[in-house]
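One file, protein.txt, carrying compact mmCIF, C-alpha atoms:
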# COMPACT_ATOMS: atom_id res chain seq x y z
CA MET A 790 -34.38 12.09 4.60
CA ASP A 791 -37.33 12.03 2.16
CA PRO A 792 -39.89 9.57 3.66
CA ARG A 793 -40.31 8.06 0.17
CA LYS A 794 -36.61 7.15 0.19
CA LYS A 795 -37.04 5.63 3.63
CA LEU A 796 -39.89 3.48 2.29
CA ASN A 797 -37.75 2.35 -0.65
CA ILE A 798 -34.91 1.44 1.69
CA LEU A 799 -37.35 -0.41 3.93
CA LYS A 800 -38.73 -2.32 0.92
CA GLY A 801 -35.20 -3.23 -0.15
CA SER A 802 -34.44 -4.54 3.34
CA PHE A 803 -37.58 -6.73 3.21
CA GLU A 804 -36.85 -8.06 -0.26
CA SER A 805 -33.27 -8.92 0.70
CA GLU A 806 -34.65 -10.67 3.84
CA VAL A 807 -32.85 -8.36 6.25
CA ILE A 808 -36.20 -7.90 8.02
CA ASP A 809 -39.25 -10.18 8.06
CA LYS A 810 -42.74 -9.39 6.75
CA ASP A 811 -44.25 -8.46 10.11
CA GLU A 812 -41.45 -6.01 10.88
CA TYR A 813 -41.71 -4.60 7.35
CA ASN A 814 -45.47 -4.00 7.64
CA LYS A 815 -45.09 -2.37 11.05
CA LEU A 816 -42.36 0.03 9.92
CA LYS A 817 -44.24 0.74 6.69
CA ASP A 818 -47.39 1.69 8.62
CA ASP A 819 -45.29 4.09 10.71
CA LEU A 820 -43.70 5.74 7.67
CA GLU A 821 -46.70 6.11 5.35
CA PRO A 822 -48.37 8.97 7.32
CA GLU A 823 -45.03 10.81 7.30
CA ALA A 824 -44.79 10.27 3.52
CA ARG A 825 -48.32 11.62 2.94
CA GLU A 826 -47.56 14.70 5.05
CA PHE A 827 -44.35 15.24 3.08
CA ASP A 828 -46.28 15.03 -0.22
CA LYS A 829 -48.73 17.68 1.02
CA LYS A 830 -45.91 20.09 1.85
CA ILE A 831 -44.36 19.62 -1.59
CA GLU A 832 -47.73 20.24 -3.25
CA GLU A 833 -48.30 23.45 -1.26
CA LEU A 834 -44.81 24.67 -2.09
CA ASP A 835 -45.42 24.08 -5.80
CA LYS A 836 -48.69 26.07 -5.61
CA ASN A 837 -46.93 28.99 -3.90
CA VAL A 838 -44.21 29.06 -6.54
CA ALA A 839 -46.78 28.90 -9.35
CA SER A 840 -48.87 31.76 -7.89
CA GLU A 841 -45.87 33.98 -7.15
CA ASP A 842 -45.46 37.15 -9.20
CA PRO A 843 -42.99 36.27 -12.00
CA LYS A 844 -41.31 39.66 -11.56
CA LYS A 845 -40.78 39.05 -7.82
CA SER A 846 -39.46 35.59 -8.54
CA SER A 847 -37.04 37.01 -11.09
CA ASP A 848 -35.92 39.68 -8.61
CA LYS A 849 -35.26 37.03 -5.98
CA ILE A 850 -33.17 34.99 -8.39
CA LEU A 851 -31.19 38.12 -9.33
CA ILE A 852 -30.55 39.04 -5.68
CA ILE A 853 -29.44 35.48 -4.83
CA SER A 854 -27.13 35.40 -7.83
CA ILE A 855 -25.51 38.72 -6.91
CA ALA A 856 -25.07 37.58 -3.31
CA ALA A 857 -23.44 34.35 -4.48
CA ILE A 858 -21.03 36.26 -6.75
CA VAL A 859 -20.09 38.66 -3.94
CA LEU A 860 -19.55 35.77 -1.52
CA LEU A 861 -17.35 33.98 -4.06
CA PHE A 862 -15.30 37.14 -4.64
CA VAL A 863 -14.82 37.70 -0.90
CA SER A 864 -13.79 34.06 -0.40
CA VAL A 865 -11.24 34.18 -3.22
CA PHE A 866 -9.87 37.53 -2.03
CA ALA A 867 -9.55 36.28 1.56
CA TYR A 868 -7.81 33.10 0.41
CA VAL A 869 -5.32 34.96 -1.79
CA THR A 870 -4.62 37.53 0.93
CA PHE A 871 -4.18 34.90 3.64
CA SER A 872 -1.91 32.80 1.39
CA LYS A 873 0.30 35.80 0.66
CA GLN A 874 0.63 36.62 4.34
CA GLN A 875 1.72 33.14 5.38
CA PRO A 876 5.48 32.58 5.10
CA LYS A 877 6.21 29.31 3.36
CA THR A 878 9.96 28.99 3.92
CA LEU A 879 12.44 29.30 6.76
CA GLU A 880 14.05 32.26 4.96
CA GLU A 881 10.74 34.14 4.92
CA LEU A 882 10.22 33.37 8.61
CA HIS A 883 13.68 34.67 9.49
CA VAL A 884 13.05 37.90 7.52
CA LEU A 885 9.78 38.49 9.37
CA ASN A 886 11.45 37.60 12.67
CA LEU A 887 14.27 40.10 12.18
CA LYS A 888 11.65 42.74 11.37
CA GLY A 889 9.86 41.94 14.65
CA LYS A 890 6.72 40.73 12.91
CA LEU A 891 6.40 37.30 14.53
CA LYS A 892 4.69 36.43 17.79
CA PRO A 893 7.08 35.25 20.56
CA GLU A 894 5.85 31.69 20.19
CA GLN A 895 6.66 31.84 16.46
CA GLY A 896 10.09 33.39 16.66
CA TYR A 897 12.46 35.81 18.42
CA VAL A 898 16.00 37.14 18.19
CA TYR A 899 18.18 35.77 20.98
CA LYS A 900 20.72 38.21 22.44
CA GLY A 901 20.05 40.47 19.47
CA VAL A 902 22.07 38.14 17.22
CA TYR A 903 20.50 34.73 16.67
CA SER A 904 17.19 34.49 14.84
CA PHE A 905 15.14 31.54 16.13
CA VAL A 906 11.93 30.61 14.30
CA LYS A 907 9.53 27.75 14.91
CA PHE A 908 8.72 25.57 11.92
CA ASP A 909 7.04 22.14 12.03
CA ASP A 910 7.44 22.03 15.84
CA PHE A 911 11.21 22.58 15.70
CA TRP A 912 13.23 25.72 16.44
CA TYR A 913 15.56 26.70 13.61
CA THR A 914 18.55 29.02 13.52
CA ASP A 915 21.49 29.60 11.18
CA LEU A 916 24.86 28.40 12.43
CA ASN A 917 28.45 28.59 11.24
CA SER A 918 30.89 25.70 11.29
CA PRO A 919 33.67 25.97 13.92
CA GLU A 920 36.04 27.23 11.20
CA GLY A 921 33.44 29.74 10.00
CA THR A 922 33.67 28.44 6.43
CA LYS A 923 30.21 26.87 6.18
CA LYS A 924 26.72 27.94 7.16
CA TYR A 925 23.99 25.57 8.30
CA SER A 926 20.29 25.84 9.09
CA MET A 927 19.91 23.55 12.10
CA ASN A 928 16.89 22.59 14.19
CA PHE A 929 16.46 22.06 17.92
CA ARG A 930 13.58 20.71 19.94
CA TYR A 931 13.91 23.57 22.43
CA SER A 932 14.90 27.21 22.02
CA PRO A 933 17.38 29.06 24.27
CA ASN A 934 14.56 30.76 26.19
CA ASP A 935 13.24 27.30 27.14
CA LEU A 936 16.59 26.31 28.65
CA LYS A 937 17.82 29.41 30.50
CA ALA A 938 17.23 27.82 33.90
CA ILE A 939 19.58 24.91 33.11
CA ALA A 940 23.21 25.47 34.14
CA ILE A 941 26.09 23.31 32.95
CA GLU A 942 28.42 22.24 35.75
CA GLY A 943 32.11 21.29 35.53
CA SER A 944 34.53 21.96 32.69
CA LEU A 945 35.24 20.49 29.27
CA ASP A 946 38.69 20.20 27.73
CA PHE A 947 37.89 22.13 24.55
CA ASP A 948 41.38 21.68 23.09
CA PHE A 949 40.94 17.93 23.40
CA PHE A 950 37.37 18.17 22.08
CA ASN A 951 38.48 20.14 19.00
CA SER A 952 41.37 17.78 18.29
CA LYS A 953 39.21 14.67 17.91
CA ASN A 954 37.44 13.60 14.72
CA GLU A 955 35.15 11.15 16.48
CA PHE A 956 33.15 10.86 19.68
CA TYR A 957 31.45 8.07 21.63
CA PRO A 958 27.78 8.40 22.64
CA THR A 959 27.15 5.84 25.38
CA PHE A 960 24.28 4.71 27.61
CA ASN A 961 22.94 1.90 29.77
CA PRO A 962 21.30 -0.60 27.35
CA THR A 963 19.24 -2.17 30.17
CA GLY A 964 17.58 1.10 31.24
CA ASN A 965 13.90 2.03 31.25
CA GLU A 966 14.12 5.29 29.29
CA LEU A 967 15.65 3.97 26.09
CA THR A 968 13.27 5.89 23.80
CA HIS A 969 14.31 9.26 25.26
CA VAL A 970 17.93 8.17 25.58
CA GLN A 971 18.11 7.29 21.90
CA LEU A 972 16.30 10.50 20.90
CA ALA A 973 18.81 12.59 22.85
CA ILE A 974 21.76 10.72 21.32
CA ALA A 975 20.31 11.00 17.80
CA ASP A 976 19.93 14.80 18.15
CA PHE A 977 23.48 15.18 19.44
CA ASP A 978 24.88 12.90 16.71
CA THR A 979 23.19 14.94 13.98
CA HIS A 980 24.75 18.22 15.10
CA LEU A 981 28.20 16.85 15.87
CA ALA A 982 28.41 14.95 12.59
CA LYS A 983 27.06 17.68 10.33
CA VAL A 984 28.43 20.92 11.78
CA PHE A 985 31.45 19.78 13.84
CA GLU A 986 32.29 17.01 11.35
CA LYS A 987 32.90 14.44 14.09
CA ASN A 988 32.04 10.81 13.48
CA PRO A 989 29.79 9.17 16.15
CA ILE A 990 30.87 5.71 17.35
CA GLY A 991 27.83 4.04 18.90
CA SER A 992 28.77 2.66 22.33
CA CYS A 993 27.34 1.13 25.51
CA ASP A 994 28.40 1.54 29.12
CA ARG A 995 28.18 -2.23 29.73
CA ASN A 996 28.11 -5.47 27.75
CA GLU A 997 24.78 -6.93 28.89
CA THR A 998 22.70 -7.05 25.70
CA GLU A 999 23.06 -8.55 22.25
CA ILE A 1000 23.45 -5.19 20.53
CA CYS A 1001 26.33 -4.19 22.82
CA LYS A 1002 28.39 -7.27 21.98
CA THR A 1003 29.57 -5.56 18.80
CA ARG A 1004 29.93 -2.05 20.28
CA PRO A 1005 32.73 -0.42 22.25
CA ILE A 1006 32.13 -0.37 26.01
CA VAL A 1007 32.76 3.25 26.98
CA THR A 1008 32.32 5.40 30.10
CA CYS A 1009 33.76 8.68 31.32
CA GLU A 1010 36.78 6.71 32.55
CA ASP A 1011 37.98 6.40 28.94
CA LYS A 1012 40.10 9.54 29.01
CA ASP A 1013 41.41 9.06 25.47
CA LYS A 1014 37.94 9.63 23.98
CA ILE A 1015 35.33 12.39 23.71
CA VAL A 1016 32.31 10.83 25.39
CA LEU A 1017 28.62 11.77 25.48
CA TYR A 1018 27.09 9.89 28.40
CA ILE A 1019 23.29 9.87 28.59
CA LYS A 1020 22.43 8.49 32.03
CA GLU A 1021 19.06 7.67 33.50
CA ALA A 1022 18.66 9.26 36.93
CA GLU A 1023 16.02 10.75 39.20
CA ARG A 1024 17.84 14.07 39.41
CA PHE A 1025 18.27 16.21 36.30
CA ARG A 1026 21.88 17.36 35.80
CA VAL A 1027 23.99 18.56 32.89
CA TYR A 1028 27.75 18.66 33.40
CA TYR A 1029 31.23 18.32 31.91
CA ASN A 1030 33.89 15.99 33.27
CA ASP A 1031 37.06 16.87 31.35
CA ASN A 1032 36.65 14.67 28.27
CA CYS A 1033 33.09 13.61 29.09
CA ILE A 1034 29.76 15.35 28.45
CA VAL A 1035 27.08 14.01 30.79
CA VAL A 1036 23.30 14.47 30.78
CA GLU A 1037 21.45 12.81 33.67
CA GLY A 1038 17.69 12.64 34.13
CA SER A 1039 14.59 11.03 32.68
CA GLY A 1040 12.08 11.58 29.89
CA PHE A 1041 12.43 14.71 27.79
CA ASP A 1042 14.84 16.22 30.32
CA LEU A 1043 17.49 14.12 28.59
CA VAL A 1044 16.61 15.80 25.27
CA LYS A 1045 16.59 19.25 26.90
CA GLY A 1046 20.00 18.57 28.38
CA VAL A 1047 21.44 17.74 24.96
CA ASP A 1048 20.02 20.93 23.42
CA ARG A 1049 21.49 22.92 26.32
CA ILE A 1050 24.94 21.38 25.69
CA LEU A 1051 24.71 22.08 21.96
CA TYR A 1052 23.89 25.75 22.51
CA HIS A 1053 27.00 26.03 24.67
CA LEU A 1054 29.19 24.25 22.10
CA TYR A 1055 27.88 26.70 19.49
CA ASN A 1056 28.72 29.63 21.80
CA ILE A 1057 25.07 30.74 21.74
CA MET A 1058 24.61 30.25 25.50
CA GLU A 1059 27.04 30.47 28.39
CA GLN A 1060 27.42 27.64 30.89
CA GLU A 1061 25.25 29.67 33.23
CA GLU A 1062 22.71 32.13 31.84
CA ALA A 1063 21.85 35.27 33.74
As structure tokens, please, write out the structure in this file.
Amino acid sequence: MDPRKKLNILKGSFESEVIDKDEYNKLKDDLEPEAREFDKKIEELDKNVASEDPKKSSDKILIISIAAIVLLFVSVFAYVTFSKQQPKTLEELHVLNLKGKLKPEQGYVYKGVYSFVKFDDFWYTDLNSPEGTKKYSMNFRYSPNDLKAIAIEGSLDFDFFNSKNEFYPTFNPTGNELTHVQLAIADFDTHLAKVFEKNPIGSCDRNETEICKTRPIVTCEDKDKIVLYIKEAERFRVYYNDNCIVVEGSGFDLVKGVDRILYHLYNIMEQEEA
């Protein structure tokens, strides 16, 4: 900062009684030599400019101006080029993906059929409704390649599953992983409601909290219902039990388990991947 500005600030601090007179005089004495030295440098610079050959000075200005114009042109060209190269929509990303022009972490074609692209931290792919009459662009938190190591045990009664227009997501309301439990249920509800057109009926596996007093109490023992049971457990498991879809585990494993189930329901992944 210009020492003169520092002195003005110092004076303002003294006048507004932020500092006392003794402190002001001490700081002023320290700054004044710096201010005098600064004035000398400015004076010498002015002399050099005044004695410089006008033609050389003009040439310098011309060179600087040309350099500034070139730099501006390069910046604008780079911005326009970069903007054109960046896909702005999911459709553009899918086109690039199918042409093999995305990095693996940006997108890939699964089994040579399903285009998966990453957009805003979600993996997107196009899906058909079970009847094949509607097409949806749906997002997942994990892509199939992230979930290949997860096998689904047991068997689901698909005839029963397809015959029902509603399903019952249930959980332990007194658990410790409620944030991840609710996230997993919300993801499953979105897909089942939108694509499979099944209405979610929020449930609990026990009546031990205020919120569960007005909800159905549902477990896998309710054989007349399609049930999604998100269970907190130390061991991570994903399995079917006739009418019941169960994901056991903790943290984001619960969310992974739901994505793995959805990929199987969409016939994108088998129960066990090679």
Could you produce a table of the residues of segment 886-1001 of chain A lying within 7 Å of segment 1022-1038 of chain A, with the nearest pair of atoms per residue and their separation in Å rounded to one decimal, using all atoms listed in the file, ordered by chain and increasing residue number, as a Markdown table?
| residue | atom | partner | partner_atom | distance |
| --- | --- | --- | --- | --- |
| A:Ile941 | CA | A:Tyr1028 | CA | 5.0 |
| A:Glu942 | CA | A:Tyr1028 | CA | 4.3 |
| A:Gly943 | CA | A:Tyr1029 | CA | 4.8 |
| A:Ser944 | CA | A:Tyr1029 | CA | 5.0 |
| A:Leu945 | CA | A:Asp1031 | CA | 4.6 |
| A:Asp946 | CA | A:Asp1031 | CA | 5.2 |
Given all atoms listed in the file as the counted atoms, nearest of A:Lys937, A:Lys815, A:Lys924, A:Arg1004 to Gln1060 of chain A: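 Closest to Gln1060 of chain A, using all atoms listed in the file: A:Lys937.
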As a PDB file with C-alpha atoms, in the frame of the given file, please: the residues near Pro958 of chain A (cut-off 7 Å, all atoms listed in the file, same-chain neighbours under 2 positions excluded).
ATOM      1  CA  PHE A 956      33.150  10.860  19.680  1.00  0.00           C
ATOM      2  CA  ILE A 974      21.760  10.720  21.320  1.00  0.00           C
ATOM      3  CA  PRO A 989      29.790   9.170  16.150  1.00  0.00           C
ATOM      4  CA  ILE A 990      30.870   5.710  17.350  1.00  0.00           C
ATOM      5  CA  GLY A 991      27.830   4.040  18.900  1.00  0.00           C
ATOM      6  CA  SER A 992      28.770   2.660  22.330  1.00  0.00           C
ATOM      7  CA  VAL A1016      32.310  10.830  25.390  1.00  0.00           C
ATOM      8  CA  LEU A1017      28.620  11.770  25.480  1.00  0.00           C
ATOM      9  CA  TYR A1018      27.090   9.890  28.400  1.00  0.00           C
TER      10      TYR A1018
END
Atomic distance atom CA of Asn951 of chain A - atom CA of Pro933 of chain A, expressed in Å with one decimal: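 That distance, rounded to one decimal, is 23.5 Å.
Atom CA of Tyr903 of chain A to atom CA of Ala940 of chain A spans 20.0 Å [interatomic distance, one decimal].
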Atom CA of Leu972 of chain A to atom CA of Gly921 of chain A, distance in Å rounded to a single decimal: 28.0 Å
Proximity to Ile1057 of chain A - best of A:Glu1010, A:Asp915, A:Glu894, A:Glu986, only C-alpha atoms: A:Asp915
Listed atoms of segment 1017-1021 of chain A boxed axis-aligned with 5 Å per side, centre + edges as AutoDock Vina command-line options:
--center_x 23.8 --center_y 9.7 --center_z 29.5 --size_x 19.6 --size_y 14.1 --size_z 18.0
Shell around Leu882 of chain A at 9 Å using all atoms listed in the file, local window under 3 positions removed, as a count of residues only: 13
